[in-house]
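Visitor: Okay, here's the structure, questions in a sec.
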Amino acid sequence: MSDTGEQVGIKPLPEALAMARERDLDLVEVAPMANPPVCRIMDYGKFKYEAAQKAKESRRKTTQISIKEMKYRVKIGRGDFDTKTKKVEHFLAEGHKVKLTIMFRGREVAHPELGMKILEGVADATKHLAKIEASPRLDGRNMTMVLAPDKRVQADAARAAARAAESDTAEPHTAEPDTAETDTEQTEQ
């Protein structure tokens, strides 16, 4: 094949090399196993550069998904639970997988249902962002579960939020006149 893409036909090697040199290009063997071998006249340096640029661009478009871990305890307080769960939601919104670990100490391991209850609570709180990739399982003194971001569920939640925002702007909020009447009734009594 020539540098313009047209087929030149079967040529002996010296003649093909001469054709490439007169155009100041390289003779590159494209299909060595074919009979006869297929060669192409091209600028090999430019070809390698463009291939490297394509590979670099494809690497740039890929996203790195890492696994973040959040550790809970069986005797976790409500505030700590909410804080950690918000952080889990943040990780899921960024597109990371989250490994939830419940750490048991001492005799707590005899009550895996308490750890299961916490994991179910986290899964329920993040159901608008994630799906359970690995269901809860007890592994020694730890119970683990993996949540993965669910793009379909996130898109549905975003559409629902957009619809709710539209309906809020379509219906202007009015002050309720009943509140003023109830205030006066209470002062009369």
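In the structure tokens, chains take the letters A, B, ... in the order shown, each chain's residues start at 1, and ligands count up from 1 in the order shown.
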Hey, could you make a per-residue contact list for range 7-101 of chain A against range 119-129 of chain A with 12 Å as the cut-off, showing the nearest pair of atoms and its distance in Å to one decimal, counting only C-alpha atoms, sorted by chain and number, as CSV?
Guide:
```
residue,atom,partner,partner_atom,distance
A:Met70,CA,A:Val122,CA,10.8
A:Lys71,CA,A:Leu119,CA,10.6
A:Tyr72,CA,A:Leu119,CA,9.0
A:Arg73,CA,A:Leu119,CA,10.6
A:Val74,CA,A:Leu119,CA,10.1
A:Ile76,CA,A:Leu119,CA,11.9
A:Arg78,CA,A:Gly121,CA,11.2
A:Phe81,CA,A:Val122,CA,8.5
A:Asp82,CA,A:Val122,CA,9.0
A:Thr83,CA,A:Val122,CA,11.2
A:Lys84,CA,A:Val122,CA,9.2
A:Thr85,CA,A:Val122,CA,6.3
A:Lys86,CA,A:Thr126,CA,8.8
A:Lys87,CA,A:Thr126,CA,10.6
A:Val88,CA,A:Thr126,CA,8.0
A:Glu89,CA,A:Thr126,CA,6.2
A:His90,CA,A:Leu129,CA,9.6
A:Phe91,CA,A:Leu129,CA,10.0
A:Leu92,CA,A:Leu129,CA,6.5
A:Ala93,CA,A:Leu129,CA,6.9
A:Glu94,CA,A:Leu129,CA,10.3
A:Gly95,CA,A:Leu129,CA,9.5
A:His96,CA,A:Leu129,CA,11.0
A:Lys97,CA,A:Leu129,CA,11.0
A:Val98,CA,A:Ala123,CA,10.9
A:Lys99,CA,A:Leu119,CA,10.6
A:Leu100,CA,A:Leu119,CA,7.5
A:Thr101,CA,A:Leu119,CA,8.5
```
Visitor: Could those selected residues go to a file with N, CA and C atoms, as a compact mmCIF listing (two decimals), in the first residue's frame?
Guide:
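This went into result-v2.txt:
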```
# COMPACT_ATOMS: atom_id res chain seq x y z
N MET A 70 -14.92 2.17 55.38
CA MET A 70 -15.46 2.90 56.53
C MET A 70 -15.69 1.85 57.62
N LYS A 71 -15.12 2.13 58.80
CA LYS A 71 -15.23 1.18 59.91
C LYS A 71 -16.24 1.67 60.93
N TYR A 72 -17.11 0.79 61.33
CA TYR A 72 -18.12 1.06 62.35
C TYR A 72 -17.87 0.13 63.52
N ARG A 73 -18.40 0.50 64.66
CA ARG A 73 -18.38 -0.37 65.84
C ARG A 73 -19.82 -0.73 66.17
N VAL A 74 -20.01 -1.80 66.91
CA VAL A 74 -21.35 -2.25 67.27
C VAL A 74 -22.03 -1.21 68.17
N ILE A 76 -21.95 2.02 68.26
CA ILE A 76 -21.75 3.35 67.69
C ILE A 76 -22.94 4.24 68.05
N ARG A 78 -25.58 7.52 67.58
CA ARG A 78 -26.38 7.97 66.45
C ARG A 78 -25.64 9.07 65.65
N PHE A 81 -22.77 7.54 63.72
CA PHE A 81 -23.33 6.75 62.63
C PHE A 81 -23.72 7.66 61.47
N ASP A 82 -24.41 8.77 61.78
CA ASP A 82 -24.85 9.70 60.72
C ASP A 82 -23.65 10.32 60.01
N THR A 83 -22.62 10.70 60.78
CA THR A 83 -21.43 11.32 60.19
C THR A 83 -20.72 10.35 59.25
N LYS A 84 -20.52 9.14 59.70
CA LYS A 84 -19.83 8.14 58.87
C LYS A 84 -20.66 7.79 57.65
N THR A 85 -21.98 7.72 57.81
CA THR A 85 -22.85 7.38 56.69
C THR A 85 -22.84 8.51 55.66
N LYS A 86 -22.78 9.76 56.10
CA LYS A 86 -22.68 10.88 55.15
C LYS A 86 -21.38 10.79 54.36
N LYS A 87 -20.31 10.38 55.02
CA LYS A 87 -19.02 10.23 54.34
C LYS A 87 -19.10 9.09 53.31
N VAL A 88 -19.81 8.01 53.66
CA VAL A 88 -20.00 6.90 52.73
C VAL A 88 -20.77 7.40 51.51
N GLU A 89 -21.81 8.21 51.72
CA GLU A 89 -22.58 8.77 50.61
C GLU A 89 -21.69 9.64 49.73
N HIS A 90 -20.80 10.39 50.34
CA HIS A 90 -19.86 11.24 49.59
C HIS A 90 -18.96 10.38 48.70
N PHE A 91 -18.41 9.30 49.25
CA PHE A 91 -17.56 8.41 48.47
C PHE A 91 -18.33 7.81 47.30
N LEU A 92 -19.57 7.37 47.56
CA LEU A 92 -20.38 6.77 46.50
C LEU A 92 -20.71 7.79 45.41
N ALA A 93 -20.99 9.02 45.81
CA ALA A 93 -21.30 10.07 44.83
C ALA A 93 -20.09 10.36 43.94
N GLU A 94 -18.88 10.18 44.48
CA GLU A 94 -17.65 10.37 43.69
C GLU A 94 -17.39 9.19 42.77
N GLY A 95 -18.12 8.09 42.95
CA GLY A 95 -17.95 6.92 42.09
C GLY A 95 -17.07 5.83 42.66
N HIS A 96 -16.71 5.92 43.94
CA HIS A 96 -15.88 4.90 44.58
C HIS A 96 -16.75 3.79 45.15
N LYS A 97 -16.16 2.61 45.23
CA LYS A 97 -16.81 1.53 45.97
C LYS A 97 -16.48 1.74 47.45
N VAL A 98 -17.36 1.28 48.33
CA VAL A 98 -17.13 1.46 49.76
C VAL A 98 -17.25 0.11 50.44
N LYS A 99 -16.21 -0.23 51.21
CA LYS A 99 -16.22 -1.45 52.01
C LYS A 99 -16.57 -1.04 53.44
N LEU A 100 -17.67 -1.56 53.93
CA LEU A 100 -18.11 -1.26 55.29
C LEU A 100 -17.65 -2.39 56.19
N THR A 101 -17.02 -2.03 57.29
CA THR A 101 -16.50 -3.03 58.22
C THR A 101 -17.07 -2.75 59.60
```
Visitor: Could you give me, as an mmCIF file with N, CA and C atoms, in the first residue's frame, the residues within 12 Å of range 40-42 of chain A, counting only C-alpha atoms and dropping anything in the same chain fewer than 2 positions from it?
Guide:
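Generated output (selection-v1.cif):
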```cif
data_model
loop_
_atom_site.group_PDB
_atom_site.id
_atom_site.type_symbol
_atom_site.label_atom_id
_atom_site.label_comp_id
_atom_site.auth_asym_id
_atom_site.auth_seq_id
_atom_site.Cartn_x
_atom_site.Cartn_y
_atom_site.Cartn_z
ATOM 1 N N MET A 1 0.848 -1.176 0.000
ATOM 2 C CA MET A 1 0.000 0.000 0.000
ATOM 3 C C MET A 1 0.893 1.238 0.000
ATOM 4 N N SER A 2 0.430 2.242 -0.696
ATOM 5 C CA SER A 2 1.210 3.475 -0.729
ATOM 6 C C SER A 2 0.822 4.365 0.445
ATOM 7 N N ASP A 3 1.477 5.524 0.559
ATOM 8 C CA ASP A 3 1.197 6.431 1.665
ATOM 9 C C ASP A 3 -0.191 7.053 1.561
ATOM 10 N N THR A 4 -0.782 7.068 0.370
ATOM 11 C CA THR A 4 -2.131 7.621 0.206
ATOM 12 C C THR A 4 -3.213 6.585 0.463
ATOM 13 N N GLY A 5 -2.834 5.313 0.608
ATOM 14 C CA GLY A 5 -3.793 4.263 0.931
ATOM 15 C C GLY A 5 -4.146 3.384 -0.256
ATOM 16 N N GLU A 6 -3.661 3.713 -1.459
ATOM 17 C CA GLU A 6 -3.981 2.899 -2.633
ATOM 18 C C GLU A 6 -3.063 1.687 -2.691
ATOM 19 N N GLN A 7 -3.583 0.603 -3.257
ATOM 20 C CA GLN A 7 -2.781 -0.610 -3.363
ATOM 21 C C GLN A 7 -1.880 -0.513 -4.586
ATOM 22 N N VAL A 8 -0.604 -0.809 -4.360
ATOM 23 C CA VAL A 8 0.387 -0.721 -5.429
ATOM 24 C C VAL A 8 0.545 -2.073 -6.121
ATOM 25 N N GLY A 9 0.246 -3.146 -5.410
ATOM 26 C CA GLY A 9 0.389 -4.484 -5.968
ATOM 27 C C GLY A 9 1.596 -5.181 -5.376
ATOM 28 N N ILE A 10 1.901 -6.355 -5.924
ATOM 29 C CA ILE A 10 3.027 -7.132 -5.416
ATOM 30 C C ILE A 10 4.301 -6.575 -6.034
ATOM 31 N N LYS A 11 5.219 -6.148 -5.165
ATOM 32 C CA LYS A 11 6.493 -5.566 -5.599
ATOM 33 C C LYS A 11 7.621 -6.302 -4.890
ATOM 34 N N LEU A 13 11.100 -6.562 -2.792
ATOM 35 C CA LEU A 13 11.560 -5.754 -1.664
ATOM 36 C C LEU A 13 12.420 -4.563 -2.078
ATOM 37 N N ALA A 16 10.163 -1.859 -3.537
ATOM 38 C CA ALA A 16 9.299 -1.258 -2.523
ATOM 39 C C ALA A 16 10.098 -0.303 -1.638
ATOM 40 N N LEU A 17 11.330 -0.683 -1.280
ATOM 41 C CA LEU A 17 12.184 0.203 -0.487
ATOM 42 C C LEU A 17 12.532 1.470 -1.261
ATOM 43 N N ALA A 18 12.780 1.325 -2.550
ATOM 44 C CA ALA A 18 13.109 2.487 -3.384
ATOM 45 C C ALA A 18 11.908 3.436 -3.455
ATOM 46 N N MET A 19 10.693 2.897 -3.581
ATOM 47 C CA MET A 19 9.491 3.723 -3.619
ATOM 48 C C MET A 19 9.348 4.509 -2.313
ATOM 49 N N ALA A 20 9.614 3.854 -1.189
ATOM 50 C CA ALA A 20 9.497 4.506 0.118
ATOM 51 C C ALA A 20 10.549 5.603 0.272
ATOM 52 N N ARG A 21 11.789 5.332 -0.173
ATOM 53 C CA ARG A 21 12.879 6.309 -0.026
ATOM 54 C C ARG A 21 12.650 7.544 -0.896
ATOM 55 N N GLU A 22 12.103 7.359 -2.096
ATOM 56 C CA GLU A 22 11.899 8.520 -2.971
ATOM 57 C C GLU A 22 10.807 9.442 -2.423
ATOM 58 N N ARG A 23 9.906 8.897 -1.606
ATOM 59 C CA ARG A 23 8.887 9.734 -0.951
ATOM 60 C C ARG A 23 9.350 10.205 0.429
ATOM 61 N N ASP A 24 10.553 9.796 0.833
ATOM 62 C CA ASP A 24 11.145 10.133 2.130
ATOM 63 C C ASP A 24 10.287 9.591 3.281
ATOM 64 N N LEU A 25 9.814 8.326 3.101
ATOM 65 C CA LEU A 25 8.999 7.655 4.108
ATOM 66 C C LEU A 25 9.602 6.294 4.425
ATOM 67 N N ASP A 26 8.932 5.543 5.307
ATOM 68 C CA ASP A 26 9.420 4.226 5.732
ATOM 69 C C ASP A 26 8.547 3.136 5.130
ATOM 70 N N LEU A 27 9.131 1.955 4.944
ATOM 71 C CA LEU A 27 8.390 0.780 4.501
ATOM 72 C C LEU A 27 8.136 -0.065 5.747
ATOM 73 N N VAL A 28 6.863 -0.186 6.139
ATOM 74 C CA VAL A 28 6.505 -0.873 7.382
ATOM 75 C C VAL A 28 5.727 -2.128 7.041
ATOM 76 N N GLU A 29 6.158 -3.265 7.612
ATOM 77 C CA GLU A 29 5.477 -4.531 7.397
ATOM 78 C C GLU A 29 4.248 -4.578 8.298
ATOM 79 N N VAL A 30 3.058 -4.632 7.698
ATOM 80 C CA VAL A 30 1.805 -4.579 8.438
ATOM 81 C C VAL A 30 1.324 -5.979 8.793
ATOM 82 N N ALA A 31 1.341 -6.887 7.829
ATOM 83 C CA ALA A 31 0.876 -8.255 8.062
ATOM 84 C C ALA A 31 1.958 -9.224 7.595
ATOM 85 N N PRO A 32 2.863 -9.604 8.508
ATOM 86 C CA PRO A 32 3.977 -10.470 8.090
ATOM 87 C C PRO A 32 3.550 -11.905 7.791
ATOM 88 N N PRO A 37 3.743 -11.096 2.195
ATOM 89 C CA PRO A 37 3.611 -10.168 3.318
ATOM 90 C C PRO A 37 3.127 -8.793 2.840
ATOM 91 N N VAL A 38 2.278 -8.164 3.664
ATOM 92 C CA VAL A 38 1.721 -6.860 3.304
ATOM 93 C C VAL A 38 2.561 -5.778 3.976
ATOM 94 N N TYR A 44 6.857 6.262 9.912
ATOM 95 C CA TYR A 44 6.727 5.405 11.085
ATOM 96 C C TYR A 44 6.783 6.202 12.383
ATOM 97 N N GLY A 45 7.606 7.231 12.463
ATOM 98 C CA GLY A 45 7.696 8.064 13.664
ATOM 99 C C GLY A 45 6.367 8.747 13.952
ATOM 100 N N LYS A 46 5.726 9.267 12.905
ATOM 101 C CA LYS A 46 4.415 9.919 13.060
ATOM 102 C C LYS A 46 3.366 8.899 13.498
ATOM 103 N N PHE A 47 3.438 7.690 12.915
ATOM 104 C CA PHE A 47 2.504 6.625 13.256
ATOM 105 C C PHE A 47 2.622 6.254 14.740
ATOM 106 N N LYS A 48 3.863 6.094 15.222
ATOM 107 C CA LYS A 48 4.073 5.744 16.637
ATOM 108 C C LYS A 48 3.594 6.864 17.553
#
```
Visitor: Would you compute the distance between CA of His111 in chain A and CA of Val146 in chain A? Give it in Å to one decimal.
Guide: 20.6 Å
Visitor: From the DSSP assignment of the backbone, select every residue of range 56-147 of chain A that is helix (DSSP H, G or I), and format the answer as a PyMOL selection string.
Guide: chain A and resi 56-61+78-93+106-110+112-125
Visitor: Find the residues around Leu138 in chain A up to 12 Å (only C-alpha atoms counted), leave out those fewer than 4 positions away in its own chain, and share them as a ChimeraX atom specification.
Guide: /A:100-104,109-116,119,134,142-145
Visitor: Would you work out the distance separating CA of Leu147 in chain A from CA of Ser66 in chain A, expressed in Å to one decimal?
Guide: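 About the pair CA of Leu147 in chain A and CA of Ser66 in chain A: they are 11.9 Å apart.
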Visitor: Just give me the gap between CA of Ser135 in chain A and CA of Arg159 in chain A in Å, one decimal is fine.
Guide: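 Computed distance, CA of Ser135 in chain A to CA of Arg159 in chain A, equals 28.0 Å.
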Visitor: Could you find all residues in chain A that DSSP calls strand (DSSP E) from the backbone, and write them as a VMD selection string?
Guide: chain A and resid 26 to 31 38 to 42 67 to 73 97 to 103 130 to 139 142 to 149
